[in-house]
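J.: I am sharing input-v4.pdb, which consists of PDB, C-alpha atoms:
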ATOM      1  CA  MET A   1      82.642 199.110 135.744
ATOM      2  CA  LYS A   2      82.993 199.591 139.489
ATOM      3  CA  ILE A   3      86.550 199.540 140.790
ATOM      4  CA  HIS A   4      87.841 199.464 144.359
ATOM      5  CA  LEU A   5      91.095 201.446 144.727
ATOM      6  CA  TYR A   6      93.562 201.003 147.553
ATOM      7  CA  PRO A   7      97.171 202.086 148.245
ATOM      8  CA  HIS A   8      99.975 200.063 146.698
ATOM      9  CA  ARG A   9     101.634 197.682 149.143
ATOM     10  CA  SER A  10     105.102 199.069 148.517
ATOM     11  CA  ARG A  11     106.125 202.566 149.497
ATOM     12  CA  SER A  12     105.457 204.047 146.054
ATOM     13  CA  SER A  13     102.612 206.489 145.571
ATOM     14  CA  ARG A  14     100.921 204.260 142.997
ATOM     15  CA  MET A  15      97.437 202.937 143.627
ATOM     16  CA  GLU A  16      96.196 199.408 143.002
ATOM     17  CA  GLY A  17      92.672 198.473 142.075
ATOM     18  CA  GLU A  18      90.260 195.604 141.729
ATOM     19  CA  VAL A  19      87.223 195.316 139.483
ATOM     20  CA  VAL A  20      84.290 194.603 141.787
ATOM     21  CA  GLN A  21      81.423 194.814 139.278
ATOM     22  CA  VAL A  22      81.132 194.873 135.490
ATOM     23  CA  MET A  23      78.179 197.028 134.536
ATOM     24  CA  LYS A  24      78.175 196.348 130.796
ATOM     25  CA  ARG A  25      80.349 194.244 128.508
ATOM     26  CA  GLU A  26      81.322 195.854 125.235
ATOM     27  CA  ARG A  27      81.845 192.740 123.117
ATOM     28  CA  PRO A  28      79.172 190.066 123.216
ATOM     29  CA  ILE A  29      80.234 188.499 119.863
ATOM     30  CA  PHE A  30      83.306 186.285 119.368
ATOM     31  CA  VAL A  31      84.761 184.358 116.410
ATOM     32  CA  GLY A  32      86.713 181.124 116.727
ATOM     33  CA  ILE A  33      86.930 177.384 116.143
ATOM     34  CA  ILE A  34      84.454 174.854 117.542
ATOM     35  CA  GLU A  35      86.026 172.195 119.750
ATOM     36  CA  LYS A  36      83.497 169.437 120.447
ATOM     37  CA  SER A  37      83.503 166.447 122.733
ATOM     38  CA  GLN A  38      80.714 163.953 123.335
ATOM     39  CA  ASN A  39      78.714 166.033 125.852
ATOM     40  CA  PHE A  40      79.826 169.639 125.380
ATOM     41  CA  ALA A  41      81.579 172.088 123.072
ATOM     42  CA  PHE A  42      83.705 175.207 123.344
ATOM     43  CA  LEU A  43      84.550 178.076 121.028
ATOM     44  CA  ILE A  44      88.302 178.607 121.035
ATOM     45  CA  THR A  45      88.458 182.296 120.149
ATOM     46  CA  ASP A  46      90.705 183.661 117.405
ATOM     47  CA  ASN A  47      91.585 186.666 119.546
ATOM     48  CA  LYS A  48      94.545 185.633 121.717
ATOM     49  CA  LYS A  49      93.749 188.445 124.176
ATOM     50  CA  CYS A  50      90.502 186.737 125.161
ATOM     51  CA  PRO A  51      91.388 185.041 128.461
ATOM     52  CA  TYR A  52      88.824 182.225 128.318
ATOM     53  CA  ASP A  53      87.132 179.704 126.044
ATOM     54  CA  ILE A  54      83.397 180.003 125.536
ATOM     55  CA  PHE A  55      81.057 177.137 126.431
ATOM     56  CA  LEU A  56      78.623 176.244 123.658
ATOM     57  CA  ALA A  57      75.422 174.419 124.522
ATOM     58  CA  PRO A  58      75.293 171.288 122.294
ATOM     59  CA  ASP A  59      71.671 171.975 121.318
ATOM     60  CA  LYS A  60      72.648 175.446 120.028
ATOM     61  CA  LEU A  61      75.395 174.368 117.589
ATOM     62  CA  LYS A  62      73.018 174.390 114.584
ATOM     63  CA  GLY A  63      75.001 171.659 112.828
ATOM     64  CA  GLY A  64      78.412 173.098 113.665
ATOM     65  CA  LYS A  65      81.154 170.467 113.595
ATOM     66  CA  ASN A  66      84.478 170.056 115.347
ATOM     67  CA  GLY A  67      87.135 172.306 113.796
ATOM     68  CA  GLN A  68      84.697 174.593 111.974
ATOM     69  CA  LYS A  69      84.847 178.371 112.236
ATOM     70  CA  ALA A  70      81.899 179.860 114.125
ATOM     71  CA  ILE A  71      80.503 183.062 115.591
ATOM     72  CA  ALA A  72      79.143 183.044 119.145
ATOM     73  CA  ARG A  73      77.145 185.679 120.994
ATOM     74  CA  ILE A  74      77.356 185.696 124.781
ATOM     75  CA  ILE A  75      73.838 185.762 126.195
ATOM     76  CA  GLU A  76      74.780 185.346 129.854
ATOM     77  CA  TRP A  77      78.094 186.042 131.590
ATOM     78  CA  PRO A  78      78.902 183.835 134.613
ATOM     79  CA  GLN A  79      78.763 185.605 137.965
ATOM     80  CA  LYS A  80      82.302 184.480 138.781
ATOM     81  CA  CYS A  81      83.737 185.868 135.541
ATOM     82  CA  LYS A  82      85.906 188.669 136.920
ATOM     83  CA  LYS A  83      87.811 189.671 133.784
ATOM     84  CA  SER A  84      86.155 192.051 131.378
ATOM     85  CA  TYR A  85      86.992 191.616 127.735
ATOM     86  CA  ARG A  86      87.056 194.810 125.672
TER      87      ARG A  86
END
Please express what this file holds, its structure, as structure tokens.
T.:
Amino acid sequence: MKIHLYPHRSRSSRMEGEVVQVMKRERPIFVGIIEKSQNFAFLITDNKKCPYDIFLAPDKLKGGKNGQKAIARIIEWPQKCKKSYR
């Protein structure tokens, strides 16, 4: 992970930082519940620390139905995804 550090805005000696690039994600596999609509689906993860829902391509559901438990593997992270899940 590449991080840009800069001085804290207040007068304290603490530093602030911003993640500018994620080099490698540690967890590509997530468990959760499938939430389907007519044209798309999401995996609502069981882990409450995961800050986002995962888009599931409808042609990759392999028969998965709304409300069923599923396992998803992230094969491509969006470029705008700034938070790293560990």
J.: Give me, please, the distance in Å between atom CA of A:Ile29 and atom CA of A:Ile71, quoted to one decimal.
T.: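 Straight-line distance from atom CA of A:Ile29 to atom CA of A:Ile71 works out to 6.9 Å.
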J.: Return as a PDB file with C-alpha atoms, keeping the file's coordinate frame the set of residues that the PyMOL selection byres ((chain A and resi 64) around 12) yields on the displayed structure.
T.:
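File out_27.pdb, as written:
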ATOM      1  CA  GLY A  32      86.713 181.124 116.727  1.00  0.00           C
ATOM      2  CA  ILE A  33      86.930 177.384 116.143  1.00  0.00           C
ATOM      3  CA  ILE A  34      84.454 174.854 117.542  1.00  0.00           C
ATOM      4  CA  GLU A  35      86.026 172.195 119.750  1.00  0.00           C
ATOM      5  CA  LYS A  36      83.497 169.437 120.447  1.00  0.00           C
ATOM      6  CA  ALA A  41      81.579 172.088 123.072  1.00  0.00           C
ATOM      7  CA  PHE A  42      83.705 175.207 123.344  1.00  0.00           C
ATOM      8  CA  LEU A  43      84.550 178.076 121.028  1.00  0.00           C
ATOM      9  CA  LEU A  56      78.623 176.244 123.658  1.00  0.00           C
ATOM     10  CA  ALA A  57      75.422 174.419 124.522  1.00  0.00           C
ATOM     11  CA  PRO A  58      75.293 171.288 122.294  1.00  0.00           C
ATOM     12  CA  ASP A  59      71.671 171.975 121.318  1.00  0.00           C
ATOM     13  CA  LYS A  60      72.648 175.446 120.028  1.00  0.00           C
ATOM     14  CA  LEU A  61      75.395 174.368 117.589  1.00  0.00           C
ATOM     15  CA  LYS A  62      73.018 174.390 114.584  1.00  0.00           C
ATOM     16  CA  GLY A  63      75.001 171.659 112.828  1.00  0.00           C
ATOM     17  CA  LYS A  65      81.154 170.467 113.595  1.00  0.00           C
ATOM     18  CA  ASN A  66      84.478 170.056 115.347  1.00  0.00           C
ATOM     19  CA  GLY A  67      87.135 172.306 113.796  1.00  0.00           C
ATOM     20  CA  GLN A  68      84.697 174.593 111.974  1.00  0.00           C
ATOM     21  CA  LYS A  69      84.847 178.371 112.236  1.00  0.00           C
ATOM     22  CA  ALA A  70      81.899 179.860 114.125  1.00  0.00           C
ATOM     23  CA  ILE A  71      80.503 183.062 115.591  1.00  0.00           C
ATOM     24  CA  ALA A  72      79.143 183.044 119.145  1.00  0.00           C
TER      25      ALA A  72
END
J.: Between atom CA of A:Val31 and atom CA of A:Val19, measure the distance and give it in Å to one decimal.
T.: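 Computed distance, atom CA of A:Val31 to atom CA of A:Val19, equals 25.7 Å.
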J.: Report, in Å to a single decimal, how far apart atom CA of A:Phe30 and atom CA of A:Ile75 are.
T.: 11.7 Å
J.: Name the residues captured by the PyMOL selection byres ((chain A and resi 6) around 10) when it is applied to the shown file; answer as a PyMOL selection string.
T.: chain A and resi 3-5+7-9+14-18
